[in-house]
Each structure stands twice: as C-alpha cells, then as structure tokens.
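Asks: Pasting a structure below so you can have a look.
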Amino acid sequence: MGIVATDVRKNFGDFVALDGVDLNVPSGRLTALLGPSGGGKSTLLRIIAGLEYPDSGTVLIDDHDATWAPPQKRSVGFVFQHYAAFKHLSVFRNVAFGLEIRRRPKAEIRSRVMELLELVHLEQFADRLPSQLSGGQRQRMALARALAVQPQVLLLDEPFGALDTQVRKELRDWLRRLHDEVHVTTVFVTHDQEEALEVSDELVVINHGRIEQVGTPTELYDNPANDFVMRFIGPVTHLGGQLVRPHDIEVFTEATGGTIEARVARLLRVGFEVKAELAVGDATPGPDEATWLQLTRGQADHLDLEVGDTVWVRPAHHASTIAVA
Ligand SMILES: Nc1ncnc2c1ncn2[C@@H]1O[C@H](COP(=O)(O)OP(=O)(O)OP(=O)(O)O)[C@@H](O)[C@H]1O
C-alpha cells in the first residue's frame with residue numbers, strides 16, 4: 001500500500017515547518033526520512049499518521065484521500081521514540097491490546113499475538129511486564145504491538161533513538177530482516193545517516209521543511225544533488241575549491257596531471273584507516289575547510305607517508321565532487 005503526499009504545507013504560527021513537500025512511498029518499501037533536527041521529518045510523519053493535519057496539500061494512502069481521515073481510519077501502525085507501554089499489562093496483553101479493543105475472538109488473538117512475539121523473538125517473555133524487559137526488547141514489543149492490527153503502513157519516529165549504540169545496531173539489522181519478511185510499507189524517521197543508509201531502500205533528505213533529494217542510499221552517497229546532501233550523507237573535505245569524499249582522493253609522490261601540491265601535516269591511525277591532514281598552499285584554512293584524506297593502512301604503507309612529506313593530490317576519476325559556493 002503506497003503513500004503519496006502532494007504539495008504538503010504546514011506552518012506553526014509564522015514558522016514554516018513543511019514548505020510544499022511531495023513524497024511518494026511505493027508499496028512494500030522501507031523509506032527513511034533523514035535530516036537535521038527541526039527539518040520537518042516528524043511533522044511529515046505525523047501528517048501521514050493523521051496525528052496532525054496539513055494547512056494545504058493532500059495525502060493519499062493506497063490511492064484513497066486520507067488527508068482529513070482520523071488515525072484509526074488509515075490502517076497505519078506507529079512507534080515513537082519514547083514508546084509508552086501499558087506498565088501494568090504483560091507483554092502479551094500489550095501486544096494484544098489493539099485486537100482486544102477490536103473485539104477479535106480470543107483464539108484468534110492468542111495465535112496472532114504468539115505469532116508476532118515469535119517474529120520479534122520475544123515469545124519466552126510473553127508473561128513479563130514491560131519493566132522486566134531491556135530497552136531493545138521493549139522497542140521490539142512496540143513493533144509487535146504496532147503490527148498486531150495488520151496495518152498497511154508502519155510509521156516509525158526515531159524508534160531506536162533512546163537506546164545505546166550496540167542495541168541500535170542490532171535493532172536496525174533486525175528491522176531490515178523483519179521488513180524483508182513482512183514487506184509492510186514502512187516510513188522511518190531518523191537523523192542518523194548511518195542508520196538510514198544501512199536500513200532503508202530509499203532515502204528522503206529533508207531540511208528546512210523541504211525535500212532536498214530522494215534516492216537509494218547509493219545514489220545519494222555517490223550523486224548528491226547539492227552540498228547539503230553531500231555533507232549530510234557522509235564525510236567531506238575541501239580540495240581545490242571542491243567538496244570531495246576523503247576516500248575519493250588520489251595521492252602521488254610526484255607531480256602528475258591535475259594534481260595539487262600539499263604537505264602532510266598530521267597522520268592519524270585509527271584501526272584499519274589512516275587519516276592524513278594536508279596543508280595546501282600558504283593560507284590557513286578555516287575550521288571547516290581543512291583538507292584531509294582517508295587511506296587504508298595498506299595504501300598509506302605503500303606510499304610510505306610521513307609527517308612533513310610533500311605529496312600531490314587530486315579527486316579520483318570516479319569521485320563525486322561539488323564546487324564550493
Ligand atoms: N506543535 C508545534 N508547535 C509549534 N512548532 C512546532 C510544533 N511541532 C513542530 N514544531 C516545529 O516545527 C519544526 C519541525 O519539527 P519536526 O519535529 O517536524 O522536526 P524533525 O525534523 O522531526 O526534528 P527532530 O529530529 O528534532 O525531531 C521544528 O522547528 C519544531 O520546533
């Protein structure tokens with residue numbers, strides 16, 4: 001079941017939260033809304049959920065105009081960062097809740113809930129209280145609860161935001177696998193680019209209430225539409241008036257066509273990587289304008305780099321570059 005939002009606008013007082021957003025989420029896709037804090041991601045998600053209404057524009061869910069429909073009429077399930085479970089109800093009852101209020105037969109509820117608990121690997125915790133689960137387990141319970149009523153669309157607003165890095169990583173892999181199994185159309189809000197790149201089929205980059213670019217993780221990484229997207233999606237550095245990815249810079253020990261002369265100012269070995277900070281020309285670069293490059297250990301050893309060495313550098317042929325305004 002796809003989602004199509006057209007020219008969606010939303011102001012809060014004088015503040016423009018969404019400034020004419022067009023979004024098309026094809027059925028069965030896992031789409032991430034990615035962008036800096038305050039960019040409008042949650043507002044867009046809440047409008048799709050029916051928790052907020054746009055000032056103008058339309059939202060179609062499965063080709064039906066849902067713009068003004070209340071949340072319970074949209075076949076959407078949602079999970080938010082600070083998920084509020086029913087503290088006094090068991091995990092089983094929390095997941096069963098939506099089915100109970102729909103007065104489904106007991107036997108059906110039991111089999112559906114156990115099926116979902118297996119899906120999220122919580123079957124052995126059915127009788128526990130939410131307070132007896134870890135943070136990651138609680139978020140999985142929240143997902144099971146959202147999936148219980150068989151939504152056509154699953155909306156997740158920073159669902160793993162409050163968890164520590166290791167648990168986030170596990171849940172992220174798990175969400176990807178879950179999605180591959182159940183294929184429910186999913187829209188997922190995050191400000192974490194790594195999370196978005198790893199999990200989603202498609203990324204929508206939102207900033208200042210506008211969509212900057214839509215594409216697969218690879219498309220956005222390799223062909224960013226503008227310097228904002230390029231900076232947001234991965235590391236960048238400055239070289240000869242251009243933005244370039246630090247691992248897309250070629251290094252030579254003698255002058256070659258199209259290269260710029262530089263001096264190795266600092267070398268930093270971090271595990272498998274070597275970061276080299278370069279001094280280019282005489283001017284001291286601004287804090288945001290330093291040139292640095294990222295090499296593998298093997299590349300650095302091969303070049304035999306030392307601090308103080310003179311090298312010649314240029315963007316690699318395949319590198320995506322954007323002229324600095
Ligand atoms: N109910 C509201 N009243 C007034 N301003 C609001 C309201 N909801 C959101 N805003 C403002 O709209 C802007 C967009 O908020 P939104 O939550 O959509 O951003 P976001 O991209 O999801 O950011 P974050 O990652 O921090 O959640 C913010 O500047 C926010 O302060």
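Chain identifiers are assigned as A, B, and so on, following the order in which chains appear in the structure tokens; residues are numbered from 1 within each chain, and ligands are numbered from 1 in order of appearance.
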At a cut-off of 7 Å around ligand 1, and using only C-alpha atoms and all ligand atoms, what residues come up? Please write them as a VMD selection string.

Replies: chain A and resid 12 17 35 to 44 190 to 191

Asks: I'd like the neighbourhood of stretch 195-207 of chain A as a VMD selection string, where a residue qualifies if any of its atoms comes within 7 Å (using only C-alpha atoms), though same-chain residues fewer than 3 positions away should be ignored.

Replies: chain A and resid 29 to 36 39 to 41 172 176 190 192 210 to 217

Asks: Quick one: DSSP strand (DSSP E) residues in stretch 126-271 of chain A, as a ChimeraX atom specification?

Replies: /A:153-157,185-190,202-207,210-215,237-239,242-244,249-252,260-270

Asks: Could the residues in this selection be written to a file with N, CA and C atoms, as a compact mmCIF listing (two decimals), in the first residue's frame?

Replies:
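Below you can see again_30.txt, which holds the result:
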# COMPACT_ATOMS: atom_id res chain seq x y z
N VAL A 153 0.51 0.25 6.65
CA VAL A 153 1.65 1.16 6.68
C VAL A 153 2.19 1.21 8.10
N LEU A 154 3.50 1.14 8.23
CA LEU A 154 4.12 1.22 9.54
C LEU A 154 4.96 2.51 9.60
N LEU A 155 4.70 3.33 10.60
CA LEU A 155 5.39 4.62 10.71
C LEU A 155 6.24 4.61 11.98
N LEU A 156 7.52 4.85 11.84
CA LEU A 156 8.43 4.76 12.98
C LEU A 156 9.17 6.08 13.15
N ASP A 157 8.98 6.73 14.30
CA ASP A 157 9.66 8.01 14.53
C ASP A 157 10.81 7.80 15.50
N THR A 185 4.70 -1.58 4.06
CA THR A 185 5.24 -0.28 3.66
C THR A 185 5.65 0.47 4.93
N THR A 186 6.91 0.86 5.01
CA THR A 186 7.41 1.42 6.26
C THR A 186 8.09 2.77 6.01
N VAL A 187 7.73 3.74 6.83
CA VAL A 187 8.41 5.04 6.78
C VAL A 187 9.03 5.27 8.14
N PHE A 188 10.30 5.65 8.13
CA PHE A 188 11.14 5.57 9.30
C PHE A 188 11.88 6.91 9.42
N VAL A 189 11.67 7.62 10.52
CA VAL A 189 12.33 8.92 10.71
C VAL A 189 13.63 8.73 11.48
N THR A 190 14.70 9.32 10.98
CA THR A 190 15.95 9.28 11.73
C THR A 190 16.79 10.51 11.39
N GLU A 202 15.08 3.36 0.33
CA GLU A 202 15.11 4.69 -0.26
C GLU A 202 15.23 5.74 0.84
N LEU A 203 15.96 6.80 0.53
CA LEU A 203 16.15 7.88 1.50
C LEU A 203 15.50 9.14 0.98
N VAL A 204 14.88 9.88 1.90
CA VAL A 204 14.32 11.18 1.57
C VAL A 204 15.01 12.17 2.51
N VAL A 205 15.79 13.06 1.94
CA VAL A 205 16.53 14.00 2.79
C VAL A 205 15.71 15.28 2.93
N ILE A 206 15.39 15.63 4.18
CA ILE A 206 14.53 16.79 4.46
C ILE A 206 15.30 17.81 5.27
N ASN A 207 15.21 19.06 4.84
CA ASN A 207 15.86 20.14 5.57
C ASN A 207 15.03 21.40 5.41
N ARG A 210 11.78 21.28 3.44
CA ARG A 210 11.78 20.93 2.01
C ARG A 210 12.53 19.63 1.79
N ILE A 211 12.15 18.94 0.71
CA ILE A 211 12.89 17.73 0.36
C ILE A 211 14.08 18.13 -0.51
N GLU A 212 15.26 17.76 -0.05
CA GLU A 212 16.48 18.11 -0.78
C GLU A 212 16.77 17.08 -1.87
N GLN A 213 16.53 15.81 -1.57
CA GLN A 213 16.80 14.76 -2.56
C GLN A 213 16.14 13.46 -2.12
N VAL A 214 15.78 12.66 -3.12
CA VAL A 214 15.22 11.32 -2.88
C VAL A 214 16.03 10.34 -3.71
N GLY A 215 16.38 9.22 -3.13
CA GLY A 215 17.10 8.21 -3.91
C GLY A 215 17.52 7.04 -3.05
N THR A 237 35.54 16.65 2.44
CA THR A 237 36.68 17.53 2.69
C THR A 237 36.80 18.50 1.52
N HIS A 238 37.63 19.52 1.70
CA HIS A 238 37.82 20.52 0.65
C HIS A 238 39.09 20.22 -0.14
N LEU A 239 38.99 20.33 -1.45
CA LEU A 239 40.20 20.20 -2.26
C LEU A 239 40.06 21.07 -3.50
N GLN A 242 36.66 22.49 -4.24
CA GLN A 242 35.59 21.50 -4.39
C GLN A 242 35.40 20.70 -3.12
N LEU A 243 34.17 20.22 -2.96
CA LEU A 243 33.92 19.26 -1.88
C LEU A 243 34.12 17.87 -2.46
N VAL A 244 34.77 17.02 -1.72
CA VAL A 244 35.01 15.66 -2.20
C VAL A 244 35.05 14.72 -1.00
N ILE A 249 40.19 10.63 -2.79
CA ILE A 249 41.31 11.48 -3.21
C ILE A 249 42.51 10.59 -3.53
N GLU A 250 43.10 10.82 -4.71
CA GLU A 250 44.30 10.06 -5.09
C GLU A 250 45.54 10.81 -4.62
N VAL A 251 46.52 10.04 -4.17
CA VAL A 251 47.76 10.63 -3.65
C VAL A 251 48.94 10.14 -4.47
N PHE A 252 49.81 11.07 -4.87
CA PHE A 252 51.02 10.70 -5.63
C PHE A 252 52.24 11.27 -4.93
N ILE A 260 47.35 18.77 -7.08
CA ILE A 260 47.67 19.95 -6.28
C ILE A 260 48.75 19.53 -5.29
N GLU A 261 49.73 20.41 -5.10
CA GLU A 261 50.82 20.08 -4.17
C GLU A 261 50.37 20.34 -2.73
N ALA A 262 50.74 19.44 -1.85
CA ALA A 262 50.34 19.60 -0.44
C ALA A 262 51.41 18.98 0.46
N ARG A 263 51.33 19.35 1.74
CA ARG A 263 52.27 18.79 2.71
C ARG A 263 51.48 18.00 3.75
N VAL A 264 52.01 16.86 4.13
CA VAL A 264 51.32 16.05 5.14
C VAL A 264 51.52 16.72 6.50
N ALA A 265 50.44 17.24 7.08
CA ALA A 265 50.55 17.97 8.34
C ALA A 265 50.35 17.06 9.55
N ARG A 266 49.55 16.05 9.39
CA ARG A 266 49.26 15.16 10.51
C ARG A 266 48.85 13.80 10.00
N LEU A 267 49.22 12.77 10.69
CA LEU A 267 48.78 11.42 10.33
C LEU A 267 48.13 10.79 11.55
N LEU A 268 46.98 10.22 11.32
CA LEU A 268 46.25 9.63 12.44
C LEU A 268 45.86 8.21 12.05
N ARG A 269 46.35 7.27 12.84
CA ARG A 269 46.00 5.87 12.53
C ARG A 269 44.84 5.44 13.41
N VAL A 270 43.72 5.12 12.79
CA VAL A 270 42.56 4.67 13.55
C VAL A 270 42.17 3.29 13.02

Asks: When you count only C-alpha atoms, which of these residues is closest to A:Asp63: A:Val236, A:Val16, A:Met1, A:Val25?

Replies: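 Checking each of A:Val236, A:Val16, A:Met1, A:Val25 against A:Asp63, counting only C-alpha atoms, the winner is A:Met1.
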
Asks: Would you mind reading off the distance between atom CA of A:Met114 and atom CA of A:Leu171, one decimal, in Å?

Replies: 20.0 Å

Asks: Please compute the atom CA of A:Thr259-atom CA of A:Leu278 distance, one decimal, in Å.

Replies: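 A separation of 13.5 Å between them.
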